[in-house]
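Dropping run.pdb in here (PDB, C-alpha atoms (C1' of nucleotides)):
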```pdb
ATOM      1  CA  MET W   1     114.299 165.961 161.005  1.00  0.00           C
ATOM      2  CA  SER W   2     118.021 166.064 161.711  1.00  0.00           C
ATOM      3  CA  ASP W   3     120.456 168.292 159.876  1.00  0.00           C
ATOM      4  CA  PHE W   4     122.047 165.210 158.431  1.00  0.00           C
ATOM      5  CA  PHE W   5     119.112 164.447 156.179  1.00  0.00           C
ATOM      6  CA  THR W   6     118.884 168.076 155.100  1.00  0.00           C
ATOM      7  CA  GLN W   7     122.562 168.138 154.258  1.00  0.00           C
ATOM      8  CA  VAL W   8     122.214 164.982 152.234  1.00  0.00           C
ATOM      9  CA  TYR W   9     119.336 166.499 150.293  1.00  0.00           C
ATOM     10  CA  GLU W  10     121.298 169.671 149.657  1.00  0.00           C
ATOM     11  CA  VAL W  11     124.168 167.685 148.188  1.00  0.00           C
ATOM     12  CA  VAL W  12     121.938 165.409 146.135  1.00  0.00           C
ATOM     13  CA  LYS W  13     120.109 168.393 144.728  1.00  0.00           C
ATOM     14  CA  GLN W  14     123.465 169.740 143.504  1.00  0.00           C
ATOM     15  CA  ILE W  15     124.066 166.681 141.345  1.00  0.00           C
ATOM     16  CA  PRO W  16     123.858 167.807 137.713  1.00  0.00           C
ATOM     17  CA  ALA W  17     121.581 165.916 135.353  1.00  0.00           C
ATOM     18  CA  GLY W  18     123.487 163.238 133.528  1.00  0.00           C
ATOM     19  CA  ARG W  19     125.785 162.691 136.492  1.00  0.00           C
ATOM     20  CA  VAL W  20     125.676 160.343 139.446  1.00  0.00           C
ATOM     21  CA  THR W  21     127.449 159.953 142.742  1.00  0.00           C
ATOM     22  CA  SER W  22     127.678 157.305 145.435  1.00  0.00           C
ATOM     23  CA  TYR W  23     126.352 157.023 148.956  1.00  0.00           C
ATOM     24  CA  GLY W  24     129.860 156.805 150.283  1.00  0.00           C
ATOM     25  CA  ALA W  25     130.966 159.947 148.443  1.00  0.00           C
ATOM     26  CA  ILE W  26     128.129 161.907 150.010  1.00  0.00           C
ATOM     27  CA  ALA W  27     128.823 160.448 153.411  1.00  0.00           C
ATOM     28  CA  LYS W  28     132.452 161.379 153.117  1.00  0.00           C
ATOM     29  CA  TYR W  29     131.594 164.898 151.997  1.00  0.00           C
ATOM     30  CA  LEU W  30     129.373 165.335 155.041  1.00  0.00           C
ATOM     31  CA  GLY W  31     132.126 164.065 157.283  1.00  0.00           C
ATOM     32  CA  THR W  32     130.301 160.872 158.166  1.00  0.00           C
ATOM     33  CA  THR W  33     132.603 158.541 156.290  1.00  0.00           C
ATOM     34  CA  GLY W  34     131.617 154.946 156.858  1.00  0.00           C
ATOM     35  CA  SER W  35     128.002 155.862 157.417  1.00  0.00           C
ATOM     36  CA  ALA W  36     127.030 155.411 153.802  1.00  0.00           C
ATOM     37  CA  ARG W  37     124.002 153.447 155.010  1.00  0.00           C
ATOM     38  CA  MET W  38     122.662 156.575 156.627  1.00  0.00           C
ATOM     39  CA  VAL W  39     122.806 158.321 153.266  1.00  0.00           C
ATOM     40  CA  GLY W  40     120.723 155.511 151.854  1.00  0.00           C
ATOM     41  CA  TRP W  41     118.362 155.875 154.749  1.00  0.00           C
ATOM     42  CA  ALA W  42     118.167 159.589 154.055  1.00  0.00           C
ATOM     43  CA  MET W  43     117.146 158.759 150.504  1.00  0.00           C
ATOM     44  CA  ASN W  44     114.391 156.584 151.881  1.00  0.00           C
ATOM     45  CA  ALA W  45     113.252 159.529 153.968  1.00  0.00           C
ATOM     46  CA  ALA W  46     113.620 161.781 150.931  1.00  0.00           C
ATOM     47  CA  ALA W  47     110.377 160.331 149.623  1.00  0.00           C
ATOM     48  CA  SER W  48     108.574 162.304 152.322  1.00  0.00           C
ATOM     49  CA  HIS W  49     110.727 165.374 151.797  1.00  0.00           C
ATOM     50  CA  PRO W  50     108.697 168.384 150.561  1.00  0.00           C
ATOM     51  CA  GLU W  51     111.246 169.208 147.870  1.00  0.00           C
ATOM     52  CA  PHE W  52     112.279 167.075 144.927  1.00  0.00           C
ATOM     53  CA  VAL W  53     115.413 165.079 145.584  1.00  0.00           C
ATOM     54  CA  PRO W  54     116.996 163.283 142.598  1.00  0.00           C
ATOM     55  CA  ALA W  55     117.644 160.122 144.559  1.00  0.00           C
ATOM     56  CA  HIS W  56     117.973 158.233 141.302  1.00  0.00           C
ATOM     57  CA  ARG W  57     121.319 159.975 140.771  1.00  0.00           C
ATOM     58  CA  VAL W  58     122.692 158.295 143.855  1.00  0.00           C
ATOM     59  CA  VAL W  59     123.915 154.753 143.375  1.00  0.00           C
ATOM     60  CA  ASN W  60     126.357 152.486 145.109  1.00  0.00           C
ATOM     61  CA  ARG W  61     130.100 152.727 144.563  1.00  0.00           C
ATOM     62  CA  ASN W  62     129.914 150.278 141.692  1.00  0.00           C
ATOM     63  CA  GLY W  63     127.339 152.259 139.744  1.00  0.00           C
ATOM     64  CA  LEU W  64     124.732 149.617 140.469  1.00  0.00           C
ATOM     65  CA  LEU W  65     121.081 150.572 141.033  1.00  0.00           C
ATOM     66  CA  THR W  66     120.795 148.920 144.410  1.00  0.00           C
ATOM     67  CA  GLY W  67     118.062 151.312 145.493  1.00  0.00           C
ATOM     68  CA  LYS W  68     115.715 150.773 142.581  1.00  0.00           C
ATOM     69  CA  HIS W  69     113.227 148.808 144.670  1.00  0.00           C
ATOM     70  CA  HIS W  70     112.595 151.822 146.845  1.00  0.00           C
ATOM     71  CA  PHE W  71     111.077 153.827 144.033  1.00  0.00           C
ATOM     72  CA  ASP W  72     107.433 153.702 143.021  1.00  0.00           C
ATOM     73  CA  THR W  73     108.244 150.965 140.563  1.00  0.00           C
ATOM     74  CA  PRO W  74     111.413 148.846 140.332  1.00  0.00           C
ATOM     75  CA  ASN W  75     112.030 150.320 136.898  1.00  0.00           C
ATOM     76  CA  ALA W  76     111.487 154.000 137.766  1.00  0.00           C
ATOM     77  CA  MET W  77     115.096 154.651 138.749  1.00  0.00           C
ATOM     78  CA  LYS W  78     116.521 153.153 135.601  1.00  0.00           C
ATOM     79  CA  GLU W  79     114.038 154.967 133.377  1.00  0.00           C
ATOM     80  CA  LEU W  80     114.814 158.297 135.001  1.00  0.00           C
ATOM     81  CA  LEU W  81     118.513 157.781 134.427  1.00  0.00           C
ATOM     82  CA  GLU W  82     118.027 156.592 130.873  1.00  0.00           C
ATOM     83  CA  ALA W  83     116.052 159.783 130.267  1.00  0.00           C
ATOM     84  CA  GLU W  84     119.191 161.658 131.332  1.00  0.00           C
ATOM     85  CA  GLY W  85     121.318 159.812 128.841  1.00  0.00           C
ATOM     86  CA  PHE W  86     122.659 156.909 130.876  1.00  0.00           C
ATOM     87  CA  GLU W  87     123.236 153.497 129.385  1.00  0.00           C
ATOM     88  CA  PHE W  88     122.965 150.251 131.275  1.00  0.00           C
ATOM     89  CA  ASP W  89     124.111 146.720 131.419  1.00  0.00           C
ATOM     90  CA  GLY W  90     121.265 145.350 133.497  1.00  0.00           C
ATOM     91  CA  ASP W  91     121.295 147.569 136.574  1.00  0.00           C
ATOM     92  CA  GLN W  92     124.896 148.553 136.031  1.00  0.00           C
ATOM     93  CA  ILE W  93     125.576 152.076 134.741  1.00  0.00           C
ATOM     94  CA  LEU W  94     127.960 152.030 131.800  1.00  0.00           C
ATOM     95  CA  ASN W  95     130.851 154.498 131.818  1.00  0.00           C
ATOM     96  CA  PHE W  96     130.134 155.028 135.493  1.00  0.00           C
ATOM     97  CA  LYS W  97     133.627 156.348 136.052  1.00  0.00           C
ATOM     98  CA  GLU W  98     133.054 159.151 133.534  1.00  0.00           C
ATOM     99  CA  ARG W  99     129.595 159.893 134.880  1.00  0.00           C
ATOM    100  CA  PHE W 100     130.722 159.991 138.486  1.00  0.00           C
ATOM    101  CA  TRP W 101     130.256 163.286 140.299  1.00  0.00           C
ATOM    102  CA  ASP W 102     132.271 163.695 143.479  1.00  0.00           C
ATOM    103  CA  PRO W 103     130.769 166.308 145.850  1.00  0.00           C
ATOM    104  CA  GLY W 104     134.026 166.612 147.729  1.00  0.00           C
ATOM    105  CA  LYS W 105     135.727 167.504 144.470  1.00  0.00           C
ATOM    106  CA  GLU W 106     132.999 169.451 142.686  1.00  0.00           C
ATOM    107  CA  LEU W 107     131.771 171.430 145.679  1.00  0.00           C
ATOM    108  CA  GLY W 108     135.158 171.873 147.235  1.00  0.00           C
TER     109      GLY W 108
ATOM    110  C1'  DA N 109     113.896 148.236 176.264  1.00  0.00           C
ATOM    111  C1'  DA N 110     116.678 145.174 173.370  1.00  0.00           C
ATOM    112  C1'  DG N 111     117.584 143.379 168.969  1.00  0.00           C
ATOM    113  C1'  DC N 112     117.101 143.317 163.906  1.00  0.00           C
ATOM    114  C1'  DT N 113     117.398 145.538 159.581  1.00  0.00           C
ATOM    115  C1'  DG N 114     119.363 147.947 155.825  1.00  0.00           C
ATOM    116  C1'  DA N 115     119.166 152.453 149.113  1.00  0.00           C
ATOM    117  C1'  DC N 116     126.978 150.925 151.950  1.00  0.00           C
ATOM    118  C1'  DT N 117     131.989 150.193 151.870  1.00  0.00           C
ATOM    119  C1'  DA N 118     136.584 148.454 152.839  1.00  0.00           C
ATOM    120  C1'  DT N 119     139.270 144.615 153.766  1.00  0.00           C
ATOM    121  C1'  DG N 120     140.982 139.879 153.922  1.00  0.00           C
ATOM    122  C1'  DG N 121     141.083 135.048 152.299  1.00  0.00           C
TER     123       DG N 121
ATOM    124  C1'  DG T 122     137.586 138.028 141.422  1.00  0.00           C
ATOM    125  C1'  DC T 123     134.039 136.305 144.377  1.00  0.00           C
ATOM    126  C1'  DC T 124     132.508 135.270 149.328  1.00  0.00           C
ATOM    127  C1'  DA T 125     132.671 136.335 154.292  1.00  0.00           C
ATOM    128  C1'  DT T 126     133.381 139.760 158.024  1.00  0.00           C
ATOM    129  C1'  DA T 127     133.252 143.909 160.264  1.00  0.00           C
ATOM    130  C1'  DG T 128     132.213 148.837 161.074  1.00  0.00           C
ATOM    131  C1'  DC T 129     128.511 152.107 160.616  1.00  0.00           C
ATOM    132  C1'  DC T 130     123.909 154.228 163.184  1.00  0.00           C
ATOM    133  C1'  DA T 131     118.956 155.614 162.784  1.00  0.00           C
ATOM    134  C1'  DG T 132     114.414 153.664 162.618  1.00  0.00           C
ATOM    135  C1'  DC T 133     111.251 149.750 163.373  1.00  0.00           C
ATOM    136  C1'  DT T 134     109.365 145.570 165.754  1.00  0.00           C
TER     137       DT T 134
END
```
Please lay out the structure from this file as structure tokens.
Amino acid sequence: MSDFFTQVYEVVKQIPAGRVTSYGAIAKYLGTTGSARMVGWAMNAAASHPEFVPAHRVVNRNGLLTGKHHFDTPNAMKELLEAEGFEFDGDQILNFKERFWDPGKELG
DNA sequence: AAGCTGACTATGG
DNA sequence: GCCATAGCCAGCT
């Protein structure tokens, strides 16, 4: 397991409930700007991570639940977010801009 | 071993 | 504002 995955998990675990961030934001925070795909891949690997990683709080830059199909059920991601107070238009998070949590800004 | 794939994003037409 | 292209790079076939 590379440090990259671990770092991604550490950041994701810092995301407060009711907030979301994007793959790109995490990638940028870790200094791997442009490798947003790797963050997504890390989320895929997060399923086998011993600790809980709120992967549902990580969406694409548009606030769209592109990763929903990687959860147990296609609806799991949306339900988890709705439980945290999010509202949706289909798979699109409403008020995404207000809900956005930037690790580079929040963590320094 | 070589090529394809993908939970992304930025850019240009 | 939508579609096509191009970087990105680790894992899988």
Can you translate the PyMOL selection byres ((chain T) within 9 of (chain W)) into the concrete residues it hits in this file, as a ChimeraX atom specification? /T:128-131
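Between atom CA of W:Val20 and atom C1' of N:DC116 lies a distance of 15.7 Å.
Near chain N, within 8 Å and counting only C-alpha atoms (C1' of nucleotides), the residues of chain W are Tyr23, Gly24, Gly34, Ser35, Ala36, Arg37, Gly40, Trp41, Met43, Asn44, Val59, Asn60, Arg61, Thr66, Gly67, Lys68 and His70 of chain W.
Separating atom CA of W:Asn95 from atom CA of W:Thr73 is a distance of 24.5 Å.
Picture a line from atom CA of W:Phe96 to atom CA of W:Gly63; it runs 5.8 Å.
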Could you put an axis-aligned box around every listed atom of stretch 83-86 of chain W, padded by 5 Å on each side, and send me its centre and edge lengths in Å to one decimal, as JSON?
```
{"center_x": 119.4, "center_y": 159.3, "center_z": 130.1, "size_x": 16.6, "size_y": 14.7, "size_z": 12.5}
```
Got a sec: who's within 12 Å of W:His69, counting all atoms listed in the file, leaving out chain neighbours fewer than 4 positions off, as a PyMOL selection string? (chain W and resi 44+56+65+73-78+91) or (chain N and resi 115)
Using the chain letters and numbering of this document, enumerate as a PyMOL selection string the residues selected by the PyMOL selection byres ((chain W and resi 9) around 9). chain W and resi 4-8+10-14+42-43+46+49+51-55
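Residues matched by the PyMOL selection byres ((chain W and resi 17) around 9) in this file are W:Ile15, W:Pro16, W:Gly18, W:Arg19, W:Val20, W:Pro54, W:Arg57, W:Leu81, W:Glu84, W:Gly85.
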